[in-house]
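Pasting start.tsv here (TSV, C-alpha atoms):
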```tsv
chain	number	residue	atom	x	y	z
A	1	GLY	CA	0.00	0.00	0.00
A	2	ALA	CA	0.93	3.66	-0.17
A	3	GLY	CA	1.32	4.07	3.56
A	4	VAL	CA	0.93	2.41	6.94
A	5	SER	CA	-2.65	1.27	7.41
A	6	GLN	CA	-4.26	0.66	10.78
A	7	SER	CA	-7.63	-0.86	11.55
A	8	PRO	CA	-10.04	-0.27	13.01
A	9	ARG	CA	-9.75	3.51	13.20
A	10	TYR	CA	-11.98	3.59	16.26
A	11	LYS	CA	-12.75	0.90	18.79
A	12	VAL	CA	-15.05	1.08	21.76
A	13	ALA	CA	-14.75	-1.72	24.27
A	14	LYS	CA	-16.40	-2.50	27.56
A	15	ARG	CA	-14.05	-2.93	30.47
A	16	GLY	CA	-12.88	-6.51	30.58
A	17	GLN	CA	-13.20	-7.19	26.85
A	18	ASP	CA	-10.30	-8.30	24.70
A	19	VAL	CA	-9.37	-6.20	21.65
A	20	ALA	CA	-7.11	-6.72	18.64
A	21	LEU	CA	-5.62	-3.85	16.69
A	22	ARG	CA	-4.12	-4.40	13.27
A	23	CYS	CA	-1.24	-2.72	11.49
A	24	ASP	CA	-0.35	-3.12	7.80
A	25	PRO	CA	3.11	-1.62	7.33
A	26	ILE	CA	4.48	-0.32	4.07
A	27	SER	CA	5.33	-3.29	1.87
A	28	GLY	CA	8.92	-4.41	2.31
A	29	HIS	CA	9.51	-2.52	5.55
A	30	VAL	CA	11.57	-4.59	7.95
A	31	SER	CA	11.03	-2.66	11.16
A	32	LEU	CA	7.69	-2.14	12.88
A	33	PHE	CA	6.92	-0.18	16.03
A	34	TRP	CA	3.88	0.21	18.23
A	35	TYR	CA	3.35	3.36	20.31
A	36	GLN	CA	0.61	4.37	22.74
A	37	GLN	CA	-0.51	8.00	22.81
A	38	ALA	CA	-2.70	9.12	25.69
A	39	LEU	CA	-4.78	12.27	25.29
A	40	GLY	CA	-2.59	15.37	25.36
A	41	GLN	CA	0.63	13.36	25.57
A	42	GLY	CA	3.34	12.34	23.19
A	43	PRO	CA	3.54	8.78	21.88
A	44	GLU	CA	5.16	6.24	24.19
A	45	PHE	CA	7.04	3.25	22.85
A	46	LEU	CA	5.45	-0.15	23.36
A	47	THR	CA	7.29	-2.70	21.26
A	48	TYR	CA	9.55	-3.20	18.22
A	49	PHE	CA	9.77	-5.92	15.58
A	50	GLN	CA	12.47	-6.65	13.07
A	51	ASN	CA	10.75	-8.87	10.54
A	52	GLU	CA	8.93	-11.46	12.66
A	53	ALA	CA	11.25	-11.15	15.66
A	54	GLN	CA	10.08	-9.06	18.58
A	55	LEU	CA	13.36	-7.49	19.66
A	56	ASP	CA	12.10	-5.06	22.27
A	57	LYS	CA	8.92	-5.25	24.31
A	58	SER	CA	10.12	-3.15	27.19
A	59	GLY	CA	7.33	-0.61	26.77
A	60	LEU	CA	4.39	-2.97	27.11
A	61	PRO	CA	2.67	-1.76	30.29
A	62	SER	CA	1.46	-5.13	31.55
A	63	ASP	CA	1.13	-8.77	30.61
A	64	ARG	CA	-2.33	-7.96	29.28
A	65	PHE	CA	-0.61	-6.47	26.24
A	66	PHE	CA	0.67	-8.81	23.56
A	67	ALA	CA	1.95	-8.12	20.05
A	68	GLU	CA	2.83	-10.40	17.19
A	69	ARG	CA	4.05	-10.25	13.62
A	70	PRO	CA	4.11	-13.89	12.58
A	71	GLU	CA	5.07	-13.49	8.91
A	72	GLY	CA	7.09	-10.35	9.20
A	73	SER	CA	4.50	-8.08	7.63
A	74	VAL	CA	1.11	-7.46	9.30
A	75	SER	CA	1.21	-6.99	13.05
A	76	THR	CA	-1.50	-7.30	15.67
A	77	LEU	CA	-1.52	-5.67	19.08
A	78	LYS	CA	-3.80	-7.50	21.46
A	79	ILE	CA	-5.03	-6.16	24.76
A	80	GLN	CA	-6.71	-8.60	27.10
A	81	ARG	CA	-9.22	-7.67	29.81
A	82	THR	CA	-9.17	-4.01	28.82
A	83	GLN	CA	-9.13	-1.37	31.54
A	84	LYS	CA	-10.14	2.29	31.39
A	85	GLU	CA	-6.52	3.35	31.55
A	86	ASP	CA	-5.92	1.54	28.26
A	87	SER	CA	-7.94	4.24	26.48
A	88	ALA	CA	-5.54	5.92	24.06
A	89	VAL	CA	-4.55	6.15	20.42
A	90	TYR	CA	-2.37	3.24	19.36
A	91	LEU	CA	0.07	4.20	16.61
A	92	CYS	CA	1.98	1.86	14.37
A	93	ALA	CA	5.10	2.91	12.47
A	94	SER	CA	7.35	1.11	10.02
A	95	SER	CA	10.74	1.74	8.51
A	96	PHE	CA	12.52	0.25	5.54
A	97	ARG	CA	15.41	-1.34	7.32
A	98	GLN	CA	16.85	-1.89	10.75
A	99	GLY	CA	18.20	1.33	12.15
A	100	GLU	CA	16.48	3.47	9.54
A	101	ASN	CA	15.87	6.90	11.02
A	102	ILE	CA	12.65	7.71	9.24
A	103	GLN	CA	9.61	5.98	10.65
A	104	TYR	CA	6.35	6.19	8.71
A	105	PHE	CA	3.33	6.39	10.96
A	106	GLY	CA	-0.21	5.20	10.47
A	107	ALA	CA	-3.21	7.29	11.50
A	108	GLY	CA	-3.70	5.18	14.61
A	109	THR	CA	-6.53	3.32	16.30
A	110	ARG	CA	-8.41	5.29	18.95
A	111	LEU	CA	-9.42	2.88	21.71
A	112	SER	CA	-12.05	3.93	24.21
A	113	VAL	CA	-12.70	1.61	27.14
A	114	LEU	CA	-15.99	2.28	28.92
B	1	LYS	CA	15.99	7.61	32.11
B	2	GLN	CA	15.66	9.91	29.12
B	3	GLU	CA	12.94	12.55	29.45
B	4	VAL	CA	11.87	14.98	26.74
B	5	THR	CA	10.09	18.23	27.56
B	6	GLN	CA	8.52	20.73	25.19
B	7	ILE	CA	7.71	24.34	25.92
B	8	PRO	CA	5.26	25.93	25.43
B	9	ALA	CA	2.46	23.37	25.56
B	10	ALA	CA	0.29	25.56	23.36
B	11	LEU	CA	0.87	28.62	21.25
B	12	SER	CA	-1.42	30.90	19.28
B	13	VAL	CA	0.06	33.45	16.86
B	14	PRO	CA	-1.18	35.68	14.05
B	15	GLU	CA	-0.33	34.71	10.51
B	16	GLY	CA	3.05	35.87	9.30
B	17	GLU	CA	4.86	35.71	12.63
B	18	ASN	CA	8.15	33.91	13.09
B	19	LEU	CA	8.07	31.52	16.02
B	20	VAL	CA	10.28	29.18	18.03
B	21	LEU	CA	9.33	25.91	19.63
B	22	ASN	CA	11.57	24.49	22.32
B	23	CYS	CA	12.55	20.95	23.21
B	24	SER	CA	14.83	19.79	26.00
B	25	PHE	CA	16.11	16.32	26.87
B	26	THR	CA	17.87	15.03	29.95
B	27	ASP	CA	20.43	12.58	28.51
B	28	SER	CA	22.79	13.82	25.82
B	29	ALA	CA	23.61	10.28	24.68
B	30	ILE	CA	21.38	10.43	21.65
B	31	TYR	CA	21.74	9.09	18.14
B	32	ASN	CA	19.54	11.75	16.59
B	33	LEU	CA	16.63	14.10	17.23
B	34	GLN	CA	13.58	14.41	15.07
B	35	TRP	CA	10.75	16.94	14.81
B	36	PHE	CA	7.33	15.65	13.81
B	37	ARG	CA	4.05	17.25	12.94
B	38	GLN	CA	0.74	15.68	13.98
B	39	ASP	CA	-2.59	16.79	12.58
B	40	PRO	CA	-5.81	15.84	14.40
B	41	GLY	CA	-6.86	12.29	13.64
B	42	LYS	CA	-3.74	11.62	11.62
B	43	GLY	CA	-0.40	10.01	12.11
B	44	LEU	CA	2.91	11.72	12.55
B	45	THR	CA	4.87	13.25	9.70
B	46	SER	CA	8.62	13.69	10.02
B	47	LEU	CA	9.69	17.29	9.41
B	48	LEU	CA	13.39	17.42	10.19
B	49	LEU	CA	15.97	14.98	11.49
B	50	ILE	CA	19.24	16.10	13.06
B	51	GLN	CA	22.02	13.60	13.61
B	52	SER	CA	23.91	13.92	16.89
B	53	SER	CA	26.95	15.26	15.03
B	54	GLN	CA	24.97	18.03	13.33
B	55	ARG	CA	24.02	21.46	14.62
B	56	GLU	CA	21.04	22.26	12.43
B	57	GLN	CA	18.83	21.22	9.55
B	58	THR	CA	16.66	23.32	7.26
B	59	SER	CA	13.67	22.56	5.10
B	60	GLY	CA	11.82	25.41	3.50
B	61	ARG	CA	10.49	27.71	6.22
B	62	LEU	CA	11.59	25.31	8.95
B	63	ASN	CA	14.93	25.31	10.72
B	64	ALA	CA	15.83	22.99	13.57
B	65	SER	CA	18.90	23.37	15.76
B	66	LEU	CA	20.52	20.95	18.17
B	67	ASP	CA	22.77	21.66	21.14
B	68	LYS	CA	23.45	18.19	22.41
B	69	SER	CA	25.68	19.23	25.31
B	70	SER	CA	22.96	21.38	26.83
B	71	GLY	CA	20.18	18.98	25.88
B	72	ARG	CA	18.23	21.45	23.78
B	73	SER	CA	16.68	21.75	20.36
B	74	THR	CA	14.62	24.48	18.79
B	75	LEU	CA	12.30	24.45	15.81
B	76	TYR	CA	12.06	27.79	14.06
B	77	ILE	CA	9.10	28.42	11.76
B	78	ALA	CA	9.37	31.48	9.54
B	79	ALA	CA	6.42	33.45	8.24
B	80	SER	CA	3.83	31.20	9.83
B	81	GLN	CA	0.67	30.28	7.91
B	82	PRO	CA	-2.72	28.91	9.03
B	83	GLY	CA	-1.76	25.61	7.41
B	84	ASP	CA	1.04	25.29	9.95
B	85	SER	CA	-1.55	24.77	12.69
B	86	ALA	CA	-0.87	21.35	14.20
B	87	THR	CA	0.86	19.70	17.13
B	88	TYR	CA	4.64	19.63	16.87
B	89	LEU	CA	6.46	16.77	18.59
B	90	CYS	CA	10.12	16.46	19.37
B	91	ALA	CA	11.62	12.97	19.72
B	92	VAL	CA	15.08	11.64	20.51
B	93	ARG	CA	16.57	8.29	19.66
B	94	PRO	CA	18.83	7.10	22.50
B	95	ARG	CA	22.24	5.71	21.66
B	96	SER	CA	21.61	2.56	23.61
B	97	GLY	CA	18.91	-0.01	23.06
B	98	THR	CA	16.76	-0.53	20.00
B	99	TYR	CA	15.55	1.98	17.48
B	100	LYS	CA	12.66	3.48	19.39
B	101	TYR	CA	12.07	7.19	19.77
B	102	ILE	CA	11.25	8.96	23.03
B	103	PHE	CA	8.77	11.74	22.49
B	104	GLY	CA	7.98	14.99	24.21
B	105	THR	CA	4.40	15.97	25.00
B	106	GLY	CA	4.20	18.34	22.05
B	107	THR	CA	3.41	21.98	21.35
B	108	ARG	CA	-0.06	22.66	20.01
B	109	LEU	CA	0.26	25.52	17.51
B	110	LYS	CA	-2.57	27.60	16.14
B	111	VAL	CA	-1.86	30.19	13.46
B	112	LEU	CA	-4.66	32.71	13.11
B	113	ALA	CA	-5.60	34.07	9.68
```

What would you get if you wrote out this structure as structure tokens?
Amino acid sequence: GAGVSQSPRYKVAKRGQDVALRCDPISGHVSLFWYQQALGQGPEFLTYFQNEAQLDKSGLPSDRFFAERPEGSVSTLKIQRTQKEDSAVYLCASSFRQGENIQYFGAGTRLSVL
Amino acid sequence: KQEVTQIPAALSVPEGENLVLNCSFTDSAIYNLQWFRQDPGKGLTSLLLIQSSQREQTSGRLNASLDKSSGRSTLYIAASQPGDSATYLCAVRPRSGTYKYIFGTGTRLKVLA
């Protein structure tokens, strides 16, 4: 595709539900990042993939958060037993190769937990 | 732990003014610093990237400077236009660890016509 695509754009979940957020990176991009952006804040790093390998998951806030990229392209961020504090915009970014400075961001998924 | 701060949090200026956005970071061990623009409901767009060995970068009406030793960067916007209205985010890439960026909280800019 022309850019990084994220779906859904908006997700409303009841507290306790599980959600899955999808990211389609730019074709051929090796690196993929997930960030969480709370209202009025800057994005905060969650996790990083190089191809299918999850090299850094130090930013995942709890074991309720899980990310995967099984074939080295599409990635899914899963949040189990959602809590109100999980409400945020989840941004995905990709870059062409490992260490590439420029990260291309998707428009994000806005998650609201009621 | 690296922390990035941006001042001011919000700024409203009349069209045509030159303006400066400030960014400070606590750990000078950075690989590079990047300025992004974020429009409501959209992702981030990279504006300027400054490597740690560089002092400034320019693109059109934008100029970004970096003083790594003092932990500061500024983004200068010349002759501001209403289309410049957006949130501007500063982010640093630490020297250690993986290739993540650490972001500031942003400056919300409104340019009045």

Quote the spacing between CA of Asn22 in chain B and CA of Glu3 in chain B in Å to one decimal place.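 One can read the CA of Asn22 in chain B to CA of Glu3 in chain B distance as 14.0 Å.
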
Taking (5.7, 17.2, 12.8) in the coordinates of the supplied file, I want to know which residues reach to within 9 Å of it, counting all atoms listed in the file; could you give the answer as a ChimeraX atom specification? /B:34-39,44-48,86-90

Would you mind exporting C-alpha atoms of the selected residues as a PDB file, in the frame of the given file?
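Saved file part_18.pdb follows:
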```pdb
ATOM      1  CA  GLN B  34      13.580  14.410  15.070  1.00  0.00           C
ATOM      2  CA  TRP B  35      10.750  16.940  14.810  1.00  0.00           C
ATOM      3  CA  PHE B  36       7.330  15.650  13.810  1.00  0.00           C
ATOM      4  CA  ARG B  37       4.050  17.250  12.940  1.00  0.00           C
ATOM      5  CA  GLN B  38       0.740  15.680  13.980  1.00  0.00           C
ATOM      6  CA  ASP B  39      -2.590  16.790  12.580  1.00  0.00           C
ATOM      7  CA  LEU B  44       2.910  11.720  12.550  1.00  0.00           C
ATOM      8  CA  THR B  45       4.870  13.250   9.700  1.00  0.00           C
ATOM      9  CA  SER B  46       8.620  13.690  10.020  1.00  0.00           C
ATOM     10  CA  LEU B  47       9.690  17.290   9.410  1.00  0.00           C
ATOM     11  CA  LEU B  48      13.390  17.420  10.190  1.00  0.00           C
ATOM     12  CA  ALA B  86      -0.870  21.350  14.200  1.00  0.00           C
ATOM     13  CA  THR B  87       0.860  19.700  17.130  1.00  0.00           C
ATOM     14  CA  TYR B  88       4.640  19.630  16.870  1.00  0.00           C
ATOM     15  CA  LEU B  89       6.460  16.770  18.590  1.00  0.00           C
ATOM     16  CA  CYS B  90      10.120  16.460  19.370  1.00  0.00           C
TER      17      CYS B  90
END
```

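Nearest to chain B of all the residues A:Gly72, A:Gly3, A:Gly42, A:Gly59 is A:Gly42, based on all atoms listed in the file.
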
Distance table requested - chain A against chain B, cut-off 8 Å, only C-alpha atoms: one row per qualifying residue with the closest atom pair and its distance in Å to one decimal, ordered by chain and rising residue number, as a Markdown table.
```
| residue | atom | partner | partner_atom | distance |
| --- | --- | --- | --- | --- |
| A:Phe33 | CA | B:Lys100 | CA | 7.6 |
| A:Gly40 | CA | B:Thr105 | CA | 7.0 |
| A:Gln41 | CA | B:Thr105 | CA | 4.6 |
| A:Gly42 | CA | B:Thr105 | CA | 4.2 |
| A:Pro43 | CA | B:Phe103 | CA | 6.0 |
| A:Glu44 | CA | B:Ile102 | CA | 6.8 |
| A:Phe45 | CA | B:Lys100 | CA | 6.6 |
| A:Tyr48 | CA | B:Lys100 | CA | 7.5 |
| A:Leu55 | CA | B:Thr98 | CA | 7.8 |
| A:Asp56 | CA | B:Thr98 | CA | 6.9 |
| A:Leu91 | CA | B:Gly43 | CA | 7.4 |
| A:Gln98 | CA | B:Tyr99 | CA | 7.9 |
| A:Gly99 | CA | B:Tyr99 | CA | 6.0 |
| A:Ile102 | CA | B:Ser46 | CA | 7.3 |
| A:Gln103 | CA | B:Ser46 | CA | 7.8 |
| A:Tyr104 | CA | B:Thr45 | CA | 7.3 |
| A:Phe105 | CA | B:Gly43 | CA | 5.3 |
| A:Gly106 | CA | B:Gly43 | CA | 5.1 |
| A:Ala107 | CA | B:Gly43 | CA | 4.0 |
| A:Gly108 | CA | B:Gly43 | CA | 6.4 |
```

Between CA of Lys1 in chain B and CA of Asp27 in chain B, measure the distance and give it in Å to one decimal.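 Distance reported for this atom pair: 7.6 Å.
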
Could you give me, as a VMD selection string, the residues within 10 Å of Ala79 in chain B, counting all atoms listed in the file and dropping anything in the same chain fewer than 6 positions from it? chain B and resid 14 to 19 61 to 62

Length of the CA of Lys14 in chain A to CA of Arg110 in chain A vector [Å]: 14.1 Å

Extract, using all atoms listed in the file, all DNA, RNA and protein residues at most 12 Å from Arg64 in chain A, discarding same-chain residues fewer than 3 positions from it, and format them as a PDB file with C-alpha atoms, in the frame of the given file.
```
ATOM      1  CA  GLY A  16     -12.880  -6.510  30.580  1.00  0.00           C
ATOM      2  CA  GLN A  17     -13.200  -7.190  26.850  1.00  0.00           C
ATOM      3  CA  ASP A  18     -10.300  -8.300  24.700  1.00  0.00           C
ATOM      4  CA  VAL A  19      -9.370  -6.200  21.650  1.00  0.00           C
ATOM      5  CA  ALA A  20      -7.110  -6.720  18.640  1.00  0.00           C
ATOM      6  CA  LEU A  60       4.390  -2.970  27.110  1.00  0.00           C
ATOM      7  CA  PRO A  61       2.670  -1.760  30.290  1.00  0.00           C
ATOM      8  CA  ALA A  67       1.950  -8.120  20.050  1.00  0.00           C
ATOM      9  CA  LEU A  77      -1.520  -5.670  19.080  1.00  0.00           C
ATOM     10  CA  LYS A  78      -3.800  -7.500  21.460  1.00  0.00           C
ATOM     11  CA  ILE A  79      -5.030  -6.160  24.760  1.00  0.00           C
ATOM     12  CA  GLN A  80      -6.710  -8.600  27.100  1.00  0.00           C
ATOM     13  CA  ARG A  81      -9.220  -7.670  29.810  1.00  0.00           C
ATOM     14  CA  THR A  82      -9.170  -4.010  28.820  1.00  0.00           C
ATOM     15  CA  GLN A  83      -9.130  -1.370  31.540  1.00  0.00           C
ATOM     16  CA  ASP A  86      -5.920   1.540  28.260  1.00  0.00           C
TER      17      ASP A  86
END
```

If we count all atoms listed in the file and set the cut-off at 7 Å, which residues sit around Ala13 in chain A, ignoring sequence neighbours fewer than 2 positions away in its own chain? Please answer as a PDB file with C-alpha atoms, keeping the file's coordinate frame.
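Dumped everything to around26.pdb:
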```pdb
ATOM      1  CA  LYS A  11     -12.750   0.900  18.790  1.00  0.00           C
ATOM      2  CA  ARG A  15     -14.050  -2.930  30.470  1.00  0.00           C
ATOM      3  CA  GLN A  17     -13.200  -7.190  26.850  1.00  0.00           C
ATOM      4  CA  SER A 112     -12.050   3.930  24.210  1.00  0.00           C
ATOM      5  CA  VAL A 113     -12.700   1.610  27.140  1.00  0.00           C
ATOM      6  CA  LEU A 114     -15.990   2.280  28.920  1.00  0.00           C
TER       7      LEU A 114
END
```

Residue nearest Asn63 in chain B - candidates B:Leu21, B:Leu112, B:Gln2, B:Gln81, atoms counted: all atoms listed in the file: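 For Asn63 in chain B, the nearest of the candidates is B:Leu21.
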
Missing atoms in range 53-79 of chain B: fill them in up to N, CA and C atoms and send the result as a short mmCIF file (atom, residue, chain, number, x, y, z; two decimals), in the coordinates of the input.
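Everything below was put into part_2.cif:
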```cif
data_model
loop_
_atom_site.label_atom_id
_atom_site.label_comp_id
_atom_site.auth_asym_id
_atom_site.auth_seq_id
_atom_site.Cartn_x
_atom_site.Cartn_y
_atom_site.Cartn_z
N SER B 53 25.74 14.52 15.41
CA SER B 53 26.95 15.26 15.03
C SER B 53 26.63 16.58 14.33
N GLN B 54 25.37 16.82 14.05
CA GLN B 54 24.97 18.03 13.33
C GLN B 54 24.48 19.10 14.29
N ARG B 55 24.48 20.33 13.80
CA ARG B 55 24.02 21.46 14.62
C ARG B 55 22.65 21.94 14.19
N GLU B 56 22.35 21.81 12.88
CA GLU B 56 21.04 22.26 12.43
C GLU B 56 20.68 21.61 11.11
N GLN B 57 19.37 21.69 10.82
CA GLN B 57 18.83 21.22 9.55
C GLN B 57 17.76 22.21 9.11
N THR B 58 17.64 22.37 7.80
CA THR B 58 16.66 23.32 7.26
C THR B 58 15.84 22.65 6.18
N SER B 59 14.55 23.00 6.18
CA SER B 59 13.67 22.56 5.10
C SER B 59 12.62 23.63 4.88
N GLY B 60 12.77 24.35 3.79
CA GLY B 60 11.82 25.41 3.50
C GLY B 60 11.80 26.47 4.59
N ARG B 61 10.62 26.69 5.17
CA ARG B 61 10.49 27.71 6.22
C ARG B 61 10.86 27.18 7.60
N LEU B 62 11.27 25.94 7.67
CA LEU B 62 11.59 25.31 8.95
C LEU B 62 13.10 25.20 9.14
N ASN B 63 13.53 25.49 10.36
CA ASN B 63 14.93 25.31 10.72
C ASN B 63 14.98 24.72 12.12
N ALA B 64 15.69 23.61 12.26
CA ALA B 64 15.83 22.99 13.57
C ALA B 64 17.29 23.02 13.98
N SER B 65 17.54 23.35 15.23
CA SER B 65 18.90 23.37 15.76
C SER B 65 19.03 22.35 16.88
N LEU B 66 20.26 21.92 17.11
CA LEU B 66 20.52 20.95 18.17
C LEU B 66 21.77 21.36 18.93
N ASP B 67 21.63 21.46 20.25
CA ASP B 67 22.77 21.66 21.14
C ASP B 67 22.77 20.47 22.08
N LYS B 68 23.52 19.44 21.69
CA LYS B 68 23.45 18.19 22.41
C LYS B 68 24.00 18.33 23.83
N SER B 69 25.05 19.12 23.99
CA SER B 69 25.68 19.23 25.31
C SER B 69 24.75 19.85 26.33
N SER B 70 23.90 20.77 25.88
CA SER B 70 22.96 21.38 26.83
C SER B 70 21.61 20.71 26.81
N GLY B 71 21.44 19.72 25.95
CA GLY B 71 20.18 18.98 25.88
C GLY B 71 19.02 19.80 25.35
N ARG B 72 19.28 20.57 24.30
CA ARG B 72 18.23 21.45 23.78
C ARG B 72 18.15 21.42 22.27
N SER B 73 16.92 21.58 21.78
CA SER B 73 16.68 21.75 20.36
C SER B 73 15.60 22.79 20.19
N THR B 74 15.68 23.54 19.11
CA THR B 74 14.62 24.48 18.79
C THR B 74 14.15 24.25 17.36
N LEU B 75 12.88 24.46 17.14
CA LEU B 75 12.30 24.45 15.81
C LEU B 75 11.82 25.85 15.50
N TYR B 76 12.39 26.43 14.48
CA TYR B 76 12.06 27.79 14.06
C TYR B 76 11.17 27.70 12.84
N ILE B 77 10.02 28.38 12.90
CA ILE B 77 9.10 28.42 11.76
C ILE B 77 9.01 29.88 11.31
N ALA B 78 9.39 30.13 10.09
CA ALA B 78 9.37 31.48 9.54
C ALA B 78 8.04 31.76 8.85
N ALA B 79 7.61 32.99 8.97
CA ALA B 79 6.42 33.45 8.24
C ALA B 79 5.27 32.45 8.35
#
```
